[in-house]
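Undergrad: Structure file coords_12.csv, CSV, C-alpha atoms, is pasted below:
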chain,number,residue,atom,x,y,z
A,1,MET,CA,0.0,0.0,0.0
A,2,GLY,CA,1.5,3.3,-1.0
A,3,LEU,CA,1.5,6.4,1.1
A,4,ILE,CA,-0.9,8.1,-1.2
A,5,ASP,CA,-3.6,5.6,-0.4
A,6,ASN,CA,-4.1,7.1,3.0
A,7,ILE,CA,-4.8,10.6,1.6
A,8,ASN,CA,-8.4,11.3,1.9
A,9,LYS,CA,-9.8,12.6,-1.4
A,10,LEU,CA,-12.5,14.5,0.4
A,11,PHE,CA,-9.9,16.5,2.2
A,12,ASP,CA,-8.1,17.4,-1.1
A,13,HIS,CA,-9.9,20.7,-1.1
A,14,ARG,CA,-8.8,23.7,0.8
A,15,ILE,CA,-12.3,24.6,2.2
A,16,ARG,CA,-13.2,21.1,3.3
A,17,LEU,CA,-9.8,20.7,4.9
A,18,GLY,CA,-10.3,24.0,6.6
A,19,ILE,CA,-13.8,23.2,7.9
A,20,MET,CA,-12.5,20.0,9.5
A,21,SER,CA,-9.5,21.8,10.9
A,22,ILE,CA,-11.7,24.2,12.7
A,23,LEU,CA,-14.2,21.6,13.9
A,24,VAL,CA,-11.7,19.2,15.4
A,25,VAL,CA,-10.4,21.8,17.8
A,26,ASN,CA,-13.7,23.5,18.6
A,27,GLU,CA,-16.7,21.9,20.2
A,28,ASP,CA,-18.8,23.4,17.4
A,29,ALA,CA,-18.9,26.3,15.0
A,30,ASP,CA,-21.9,28.0,13.4
A,31,PHE,CA,-22.2,28.9,9.7
A,32,ASN,CA,-21.1,32.5,10.1
A,33,ARG,CA,-18.1,31.7,12.1
A,34,LEU,CA,-16.9,29.2,9.5
A,35,LYS,CA,-17.5,31.7,6.8
A,36,GLU,CA,-15.5,34.4,8.6
A,37,LEU,CA,-12.6,32.1,9.3
A,38,LEU,CA,-12.4,30.6,5.9
A,39,ASP,CA,-13.2,33.7,3.9
A,40,VAL,CA,-15.6,32.1,1.4
A,41,THR,CA,-19.1,32.8,0.0
A,42,ASP,CA,-22.3,31.4,1.4
A,43,GLY,CA,-23.0,29.1,-1.5
A,44,ASN,CA,-19.5,27.8,-1.7
A,45,LEU,CA,-19.3,27.0,2.0
A,46,ALA,CA,-22.8,25.4,2.0
A,47,SER,CA,-21.9,23.0,-0.8
A,48,HIS,CA,-18.7,21.8,0.9
A,49,LEU,CA,-20.5,21.4,4.2
A,50,LYS,CA,-23.1,19.3,2.4
A,51,ALA,CA,-20.3,17.0,1.0
A,52,LEU,CA,-18.9,16.5,4.5
A,53,GLU,CA,-22.3,15.9,6.0
A,54,LYS,CA,-23.1,13.3,3.3
A,55,GLU,CA,-20.0,11.3,4.3
A,56,ASP,CA,-21.1,11.6,8.0
A,57,TYR,CA,-18.0,13.5,8.9
A,58,ILE,CA,-19.9,16.4,10.4
A,59,HIS,CA,-23.2,16.6,12.3
A,60,VAL,CA,-25.6,19.5,11.7
A,61,GLU,CA,-27.7,21.0,14.4
A,62,LYS,CA,-30.4,23.5,13.5
A,63,GLN,CA,-31.9,25.7,16.2
A,64,PHE,CA,-33.3,29.1,16.7
A,65,ILE,CA,-31.6,31.9,18.6
A,66,GLY,CA,-34.6,34.3,19.3
A,67,ARG,CA,-36.2,34.3,15.9
A,68,LYS,CA,-33.0,33.8,13.9
A,69,PRO,CA,-32.3,30.3,12.6
A,70,ASN,CA,-28.8,29.2,13.6
A,71,THR,CA,-27.0,26.2,12.3
A,72,ARG,CA,-24.2,24.6,14.2
A,73,TYR,CA,-21.7,22.1,12.8
A,74,ILE,CA,-20.0,19.5,14.9
A,75,ALA,CA,-17.3,17.0,13.8
A,76,THR,CA,-18.4,13.4,14.3
A,77,LYS,CA,-16.2,10.7,15.7
A,78,LYS,CA,-15.9,9.2,12.2
A,79,GLY,CA,-14.9,12.6,10.8
A,80,LYS,CA,-12.3,13.2,13.5
A,81,GLN,CA,-10.7,9.8,12.8
A,82,ALA,CA,-10.7,10.3,9.1
A,83,PHE,CA,-9.1,13.7,9.6
A,84,SER,CA,-6.3,12.5,11.9
A,85,LYS,CA,-5.6,9.7,9.4
A,86,HIS,CA,-5.3,12.2,6.7
A,87,ILE,CA,-2.9,14.3,8.7
A,88,ASP,CA,-0.8,11.3,9.5
A,89,ALA,CA,-0.6,10.6,5.8
A,90,LEU,CA,0.4,14.1,5.0
A,91,GLU,CA,3.1,14.0,7.5
A,92,ALA,CA,4.4,10.7,6.3
A,93,ILE,CA,4.7,12.0,2.8
A,94,ILE,CA,6.5,15.1,3.9
A,95,LYS,CA,8.9,13.1,6.0
A,96,LYS,CA,9.7,10.7,3.2
A,97,GLY,CA,10.5,13.6,0.9
A,98,LYS,CA,13.1,15.0,3.2
B,1,MET,CA,-0.5,17.1,-5.5
B,2,SER,CA,3.2,17.8,-5.0
B,3,GLU,CA,5.0,17.8,-1.7
B,4,GLN,CA,4.9,21.5,-1.6
B,5,ASP,CA,1.1,21.4,-1.7
B,6,TYR,CA,1.0,19.0,1.2
B,7,LEU,CA,3.3,21.2,3.2
B,8,LYS,CA,1.0,24.1,2.5
B,9,ASP,CA,-2.0,22.0,3.6
B,10,ILE,CA,-0.3,21.3,6.9
B,11,SER,CA,0.5,25.0,7.6
B,12,GLU,CA,-3.0,26.0,6.6
B,13,ILE,CA,-4.5,23.4,9.0
B,14,LYS,CA,-2.3,24.7,11.8
B,15,HIS,CA,-3.1,28.3,11.1
B,16,LEU,CA,-6.9,27.6,11.1
B,17,MET,CA,-6.7,25.5,14.3
B,18,ASN,CA,-4.9,28.3,16.1
B,19,ARG,CA,-7.0,31.1,14.8
B,20,SER,CA,-10.3,29.4,15.5
B,21,SER,CA,-9.6,28.1,18.9
B,22,ARG,CA,-7.0,30.3,20.5
B,23,PHE,CA,-6.7,33.9,21.3
B,24,ILE,CA,-3.4,35.6,20.4
B,25,SER,CA,-1.3,35.7,23.5
B,26,LEU,CA,-0.9,38.7,25.7
B,27,SER,CA,2.3,40.5,25.1
B,28,GLY,CA,5.2,39.9,27.4
B,29,LEU,CA,5.5,43.6,28.1
B,30,SER,CA,2.1,43.7,29.7
B,31,GLY,CA,3.2,40.9,32.1
B,32,ILE,CA,6.3,42.8,33.1
B,33,LEU,CA,4.4,46.0,33.6
B,34,ALA,CA,1.7,44.2,35.7
B,35,GLY,CA,4.6,42.8,37.9
B,36,ILE,CA,6.0,46.3,38.3
B,37,TYR,CA,2.6,47.8,39.3
B,38,ALA,CA,2.2,45.0,41.9
B,39,LEU,CA,5.7,45.7,43.3
B,40,VAL,CA,5.0,49.5,43.5
B,41,GLY,CA,1.7,48.8,45.2
B,42,ALA,CA,3.3,46.4,47.6
B,43,ALA,CA,6.0,49.0,48.4
B,44,ILE,CA,3.4,51.7,49.1
B,45,ALA,CA,1.6,49.3,51.4
B,46,TYR,CA,4.8,48.2,53.1
B,47,PHE,CA,6.1,51.7,53.8
B,48,TYR,CA,2.9,53.7,54.4
B,49,LEU,CA,0.0,51.4,55.2
B,50,LEU,CA,1.1,48.3,57.1
B,51,PRO,CA,1.3,49.0,60.8
B,52,GLU,CA,4.5,48.1,62.6
B,53,ASP,CA,3.0,45.4,64.8
B,54,ASP,CA,2.0,43.4,61.8
B,55,PHE,CA,-1.7,43.7,62.6
B,56,VAL,CA,-4.2,45.2,60.2
B,57,VAL,CA,-7.4,46.4,61.8
B,58,LEU,CA,-10.4,45.9,59.7
B,59,HIS,CA,-12.4,49.0,58.8
B,60,SER,CA,-9.5,51.2,59.7
B,61,TRP,CA,-8.3,53.9,57.3
B,62,ASN,CA,-5.2,51.9,56.6
B,63,PHE,CA,-7.2,48.8,55.6
B,64,LYS,CA,-9.4,50.9,53.2
B,65,MET,CA,-6.3,52.3,51.6
B,66,LEU,CA,-4.9,48.8,51.2
B,67,VAL,CA,-8.0,47.8,49.3
B,68,VAL,CA,-7.7,51.0,47.1
B,69,VAL,CA,-4.1,50.2,46.3
B,70,LEU,CA,-5.1,46.6,45.3
B,71,ILE,CA,-7.9,47.9,43.1
B,72,VAL,CA,-5.6,50.4,41.4
B,73,VAL,CA,-3.0,47.7,40.7
B,74,ALA,CA,-5.6,45.4,39.3
B,75,ILE,CA,-7.1,48.1,37.0
B,76,LEU,CA,-3.7,49.3,35.8
B,77,SER,CA,-2.7,45.7,35.0
B,78,ILE,CA,-5.8,44.9,33.1
B,79,GLY,CA,-5.9,48.2,31.3
B,80,THR,CA,-2.3,47.8,30.2
B,81,ALA,CA,-2.9,44.2,29.0
B,82,PHE,CA,-6.0,45.3,27.1
B,83,LEU,CA,-4.2,48.2,25.4
B,84,LEU,CA,-1.1,46.3,24.4
B,85,THR,CA,-3.1,43.3,23.2
B,86,THR,CA,-5.5,45.3,21.1
B,87,ARG,CA,-2.5,47.1,19.5
B,88,ARG,CA,-0.9,43.8,18.7
B,89,ALA,CA,-4.1,42.3,17.3
B,90,LYS,CA,-4.4,45.3,15.0
B,91,GLN,CA,-0.8,44.9,13.8
B,92,GLN,CA,-1.5,41.3,12.9
B,93,HIS,CA,-4.9,42.1,11.5
B,94,GLU,CA,-6.8,39.8,13.9
B,95,LYS,CA,-10.1,40.6,15.4
B,96,ILE,CA,-10.0,41.1,19.1
B,97,TRP,CA,-13.6,40.4,19.9
B,98,ASP,CA,-14.9,37.1,18.6
B,99,ALA,CA,-16.1,33.8,19.9
B,100,THR,CA,-12.6,32.8,21.0
B,101,THR,CA,-12.1,35.9,23.1
B,102,ARG,CA,-15.4,35.5,24.7
B,103,ARG,CA,-14.7,31.9,25.6
B,104,LEU,CA,-11.2,32.9,26.9
B,105,LEU,CA,-12.6,35.6,29.2
B,106,LEU,CA,-15.4,33.4,30.5
B,107,ASN,CA,-13.0,30.6,31.4
B,108,PHE,CA,-10.7,33.1,33.0
B,109,LEU,CA,-13.4,34.9,35.0
B,110,ILE,CA,-15.2,32.0,36.5
B,111,PRO,CA,-12.5,30.9,38.9
B,112,LEU,CA,-11.4,34.5,39.4
B,113,ILE,CA,-14.8,35.9,40.4
B,114,THR,CA,-15.6,32.8,42.5
B,115,GLY,CA,-12.3,33.4,44.4
B,116,GLY,CA,-13.0,37.1,44.7
B,117,ILE,CA,-16.4,36.6,46.2
B,118,TYR,CA,-15.1,33.9,48.5
B,119,ILE,CA,-12.3,36.2,49.8
B,120,LEU,CA,-14.8,39.1,50.4
B,121,ILE,CA,-17.1,36.8,52.4
B,122,LYS,CA,-14.1,35.6,54.4
B,123,ILE,CA,-12.9,39.2,55.1
B,124,ASN,CA,-16.4,40.2,56.2
B,125,SER,CA,-16.3,37.5,58.8
B,126,GLN,CA,-12.9,38.6,60.0
B,127,HIS,CA,-11.0,35.8,58.4
B,128,TYR,CA,-8.4,37.6,56.3
B,129,GLY,CA,-5.4,35.6,57.3
B,130,LEU,CA,-5.5,33.5,54.2
B,131,THR,CA,-6.3,36.3,51.7
B,132,ALA,CA,-3.0,36.3,49.9
B,133,SER,CA,-3.0,32.6,49.7
B,134,LEU,CA,-6.5,32.5,48.3
B,135,MET,CA,-5.8,35.3,45.8
B,136,LEU,CA,-2.8,33.3,44.5
B,137,ILE,CA,-4.6,30.0,44.3
B,138,PHE,CA,-7.7,31.3,42.5
B,139,TYR,CA,-5.7,33.5,40.2
B,140,GLY,CA,-3.6,30.4,39.3
B,141,LEU,CA,-6.7,28.3,38.7
B,142,ALA,CA,-8.1,31.1,36.4
B,143,LEU,CA,-4.8,31.1,34.4
B,144,VAL,CA,-4.7,27.3,34.0
B,145,ASN,CA,-8.4,27.3,33.0
B,146,ALA,CA,-8.0,30.0,30.4
B,147,SER,CA,-4.7,28.7,29.0
B,148,LYS,CA,-6.6,26.2,26.8
B,149,TYR,CA,-7.8,29.1,24.8
B,150,THR,CA,-4.6,31.1,24.3
B,151,ILE,CA,-1.3,30.7,22.6
B,152,GLY,CA,1.7,30.7,24.9
B,153,ASN,CA,2.6,29.0,28.2
B,154,VAL,CA,0.4,30.8,30.6
B,155,LYS,CA,-0.6,27.5,32.3
B,156,TYR,CA,2.9,27.2,33.7
B,157,LEU,CA,2.5,30.6,35.3
B,158,GLY,CA,-0.8,29.3,36.7
B,159,TYR,CA,0.9,26.2,38.2
B,160,VAL,CA,3.5,28.4,39.9
B,161,GLU,CA,0.8,30.7,41.3
B,162,ILE,CA,-1.2,27.7,42.7
B,163,ALA,CA,1.9,26.2,44.3
B,164,ALA,CA,2.9,29.5,45.8
B,165,GLY,CA,-0.7,29.9,47.2
B,166,LEU,CA,-0.6,26.5,48.8
B,167,VAL,CA,2.8,27.0,50.4
B,168,CYS,CA,1.6,30.4,51.5
B,169,ALA,CA,-1.4,28.8,53.3
B,170,ALA,CA,1.0,26.5,55.2
B,171,LEU,CA,3.2,29.4,56.3
B,172,PRO,CA,0.9,31.9,58.0
B,173,GLY,CA,2.3,35.4,58.5
B,174,TYR,CA,4.2,35.5,55.3
B,175,GLY,CA,1.2,36.3,53.0
B,176,PHE,CA,2.5,39.7,52.1
B,177,TRP,CA,5.8,38.3,50.8
B,178,PHE,CA,4.1,35.5,48.9
B,179,TRP,CA,1.8,38.0,47.3
B,180,ILE,CA,4.9,40.0,46.1
B,181,PHE,CA,6.4,36.8,44.8
B,182,GLY,CA,3.3,35.6,42.9
B,183,PHE,CA,2.0,38.9,41.5
B,184,GLY,CA,5.1,40.9,41.3
B,185,ILE,CA,8.2,38.8,40.6
B,186,MET,CA,6.5,35.9,38.8
B,187,HIS,CA,4.8,38.4,36.4
B,188,ILE,CA,8.1,40.0,35.6
B,189,VAL,CA,9.8,36.7,35.1
B,190,TYR,CA,7.0,35.3,32.9
B,191,GLY,CA,6.7,38.6,30.9
B,192,SER,CA,10.5,38.5,30.3
B,193,ILE,CA,10.4,34.9,29.1
B,194,MET,CA,7.5,35.8,26.8
B,195,MET,CA,9.4,38.8,25.4
B,196,LEU,CA,12.5,36.8,24.7
B,197,GLN,CA,10.3,34.3,22.8
B,198,GLU,CA,8.6,37.1,20.9
B,199,LYS,CA,12.0,38.4,19.8
B,200,LYS,CA,13.0,35.0,18.5
B,201,HIS,CA,10.1,34.9,16.0
Take the structure in this file and express it as structure tokens.

TA:
Amino acid sequence: MGLIDNINKLFDHRIRLGIMSILVVNEDADFNRLKELLDVTDGNLASHLKALEKEDYIHVEKQFIGRKPNTRYIATKKGKQAFSKHIDALEAIIKKGK
Amino acid sequence: MSEQDYLKDISEIKHLMNRSSRFISLSGLSGILAGIYALVGAAIAYFYLLPEDDFVVLHSWNFKMLVVVLIVVAILSIGTAFLLTTRRAKQQHEKIWDATTRRLLLNFLIPLITGGIYILIKINSQHYGLTASLMLIFYGLALVNASKYTIGNVKYLGYVEIAAGLVCAALPGYGFWFWIFGFGIMHIVYGSIMMLQEKKH
């Protein structure tokens, strides 16, 4: 098995990688917080969130704060494991190159 | 993807993790200044306010002035830290008031305010012998609790403050000197270490 096999295709995109980076170190983050940190447009962020949700890497919680709808995103156990495996793979590749 | 891309990924991950979960650290200079304010306050107390027979009478003028000195030291330290940190945040184009800051402040204030109220209750019932020890312990706990949300090694300062507070509790009568050690000297030492680290980067 080559080193490349452990690279997760889903994390091959800057925004999806960014979403997971934020969610593994925070209990949760809402849509606006992610948007602000990643500096992306609404539509763009939403589509990447959907992709991660479909893989069951993140969990979505909708609620109301007053009258405003608020959506919180939380990394699932599966998502955290996949992410740490991906990072290990990145590190292995970089180490090998040195 | 090339190796360069992977390296870039890793640094991007690191950056986002830090920016989303940790507040930029307080500047070392604000630690040094806080220590100096504490030492000046302690000197004023020692030469002008503490009576010679080592006995502070509650509700006396001296006692009220001691409290005033304490409050002035606290306000000056917090004000300095706030000013220097906002200035640095502006230089690094980071926002000072966001979810991370709120969480940091909340986690810092819970032990601190608990301790503050506890000390006030104790003083009101004439138990002020352990005030210095309690201040050190609760301040240390506040630092350790907040350290999860900030870059830097503030938790070690917290451990030292807690240890100093516990030793202080075991040695009654030396509270004043432990207070000087914990709030004066340790702040200067910690601030200097931070400044050296800042220079390196």

Undergrad: Could you name the residues that touch A:Asn8 at 10 Å or less, counting only C-alpha atoms, but leaving out those on the same chain fewer than 6 positions away, as a PyMOL selection string?

TA: chain A and resi 17+82-83+85-87+89-90

Undergrad: Per residue of chain A within 8 Å of chain B, record the nearest atom pair and its distance in Å to one decimal, counting all atoms listed in the file, with rows in chain order and ascending residue number, as a Markdown table.

TA:
| residue | atom | partner | partner_atom | distance |
| --- | --- | --- | --- | --- |
| A:Arg14 | CA | B:Asp9 | CA | 7.5 |
| A:Leu17 | CA | B:Ile13 | CA | 7.2 |
| A:Gly18 | CA | B:Ile13 | CA | 6.3 |
| A:Ser21 | CA | B:Ile13 | CA | 5.6 |
| A:Ile22 | CA | B:Met17 | CA | 5.4 |
| A:Val25 | CA | B:Met17 | CA | 6.3 |
| A:Asn26 | CA | B:Ser21 | CA | 6.2 |
| A:Leu37 | CA | B:Ser20 | CA | 7.1 |
| A:Ile87 | CA | B:Ile10 | CA | 7.7 |
| A:Leu90 | CA | B:Tyr6 | CA | 6.2 |
| A:Ile93 | CA | B:Glu3 | CA | 7.3 |
| A:Ile94 | CA | B:Glu3 | CA | 6.4 |
| A:Gly97 | CA | B:Glu3 | CA | 7.4 |

Undergrad: What does the distance from atom CA of B:Ala43 to atom CA of B:Gly173 come to in Å, to one decimal?

TA: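 Pair atom CA of B:Ala43 / atom CA of B:Gly173 returns 17.3 Å.
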
Undergrad: From the options A:Lys35, A:His48, A:Lys9, A:His59, which residue's atoms come nearest to A:Lys78, counting all atoms listed in the file?

TA: A:His59

Undergrad: How many Å lie between atom CA of A:Leu10 and atom CA of A:Thr41, rounded to one decimal?

TA: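 For atom CA of A:Leu10 relative to atom CA of A:Thr41, the distance reads 19.5 Å.
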
Undergrad: Identify the residues around (-24.3, 24.8, 14.3) within a radius of 9 Å, measuring from all atoms listed in the file in the coordinates stated by the file, and give them as a PyMOL selection string.

TA: chain A and resi 28-31+59-63+70-74

Undergrad: Would you mind listing what lies within 7 Å of B:Gly140 as a ChimeraX atom specification, with only C-alpha atoms counted and same-chain residues fewer than 3 positions away left out?

TA: /B:136-137,143-144,158-159,161-162

Undergrad: For a quick check of understanding, using only C-alpha atoms, which of A:Asp12, A:Asp5, A:Asp56, A:Asp39 has the smallest distance to A:Lys80?

TA: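 With only C-alpha atoms as the atom set, the closest residue is A:Asp56.
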
Undergrad: Residues near B:Leu105, anyone? I mean within 12 Å using only C-alpha atoms, not counting same-chain ones fewer than 2 positions away, as a CSV table (one decimal) with C-alpha atoms, in the coordinates of the input.

TA:
chain,number,residue,atom,x,y,z
B,22,ARG,CA,-7.0,30.3,20.5
B,23,PHE,CA,-6.7,33.9,21.3
B,82,PHE,CA,-6.0,45.3,27.1
B,96,ILE,CA,-10.0,41.1,19.1
B,97,TRP,CA,-13.6,40.4,19.9
B,98,ASP,CA,-14.9,37.1,18.6
B,99,ALA,CA,-16.1,33.8,19.9
B,100,THR,CA,-12.6,32.8,21.0
B,101,THR,CA,-12.1,35.9,23.1
B,102,ARG,CA,-15.4,35.5,24.7
B,103,ARG,CA,-14.7,31.9,25.6
B,107,ASN,CA,-13.0,30.6,31.4
B,108,PHE,CA,-10.7,33.1,33.0
B,109,LEU,CA,-13.4,34.9,35.0
B,110,ILE,CA,-15.2,32.0,36.5
B,111,PRO,CA,-12.5,30.9,38.9
B,112,LEU,CA,-11.4,34.5,39.4
B,113,ILE,CA,-14.8,35.9,40.4
B,142,ALA,CA,-8.1,31.1,36.4
B,143,LEU,CA,-4.8,31.1,34.4
B,145,ASN,CA,-8.4,27.3,33.0
B,146,ALA,CA,-8.0,30.0,30.4
B,147,SER,CA,-4.7,28.7,29.0
B,148,LYS,CA,-6.6,26.2,26.8
B,149,TYR,CA,-7.8,29.1,24.8
B,150,THR,CA,-4.6,31.1,24.3

Undergrad: Take atom CA of B:Val160 and atom CA of B:Pro172 and report the distance between them in Å, one decimal.

TA: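 Atom CA of B:Pro172 lies at a distance of 18.6 Å from atom CA of B:Val160.
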
Undergrad: Which residues are close to B:Met194, i.e. within 12 Å by only C-alpha atoms, leaving aside same-chain residues fewer than 3 positions away? Reply as JSON, numbers by chain.

TA: {"B": [25, 26, 27, 28, 29, 30, 31, 32, 151, 152, 153, 154, 156, 157, 187, 188, 189, 190, 191, 197, 198, 199, 200, 201]}

Undergrad: Go ahead and write the residues just picked, C-alpha atoms, as a compact mmCIF listing (two decimals), keeping the file's coordinate frame.

TA:
# COMPACT_ATOMS: atom_id res chain seq x y z
CA SER B 25 -1.30 35.70 23.50
CA LEU B 26 -0.90 38.70 25.70
CA SER B 27 2.30 40.50 25.10
CA GLY B 28 5.20 39.90 27.40
CA LEU B 29 5.50 43.60 28.10
CA SER B 30 2.10 43.70 29.70
CA GLY B 31 3.20 40.90 32.10
CA ILE B 32 6.30 42.80 33.10
CA ILE B 151 -1.30 30.70 22.60
CA GLY B 152 1.70 30.70 24.90
CA ASN B 153 2.60 29.00 28.20
CA VAL B 154 0.40 30.80 30.60
CA TYR B 156 2.90 27.20 33.70
CA LEU B 157 2.50 30.60 35.30
CA HIS B 187 4.80 38.40 36.40
CA ILE B 188 8.10 40.00 35.60
CA VAL B 189 9.80 36.70 35.10
CA TYR B 190 7.00 35.30 32.90
CA GLY B 191 6.70 38.60 30.90
CA GLN B 197 10.30 34.30 22.80
CA GLU B 198 8.60 37.10 20.90
CA LYS B 199 12.00 38.40 19.80
CA LYS B 200 13.00 35.00 18.50
CA HIS B 201 10.10 34.90 16.00

Undergrad: Hey, which of B:Ala170, B:Tyr139, B:Arg88, B:Lys122 ends up closest to B:Gly182? Count only C-alpha atoms.

TA: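 Going through B:Ala170, B:Tyr139, B:Arg88, B:Lys122 one by one, the smallest distance to B:Gly182 is for B:Tyr139.
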
Undergrad: Excluding B:Ser133 and residues on its chain fewer than 5 positions from it, collect all residues at most 8 Å away from it, counting all atoms listed in the file, and give them as a list of chain:residue names.

TA: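 Everything that qualifies: B:Ala164, B:Gly165, B:Leu166, B:Cys168, B:Ala169, B:Gly175, B:Phe178, B:Trp179.
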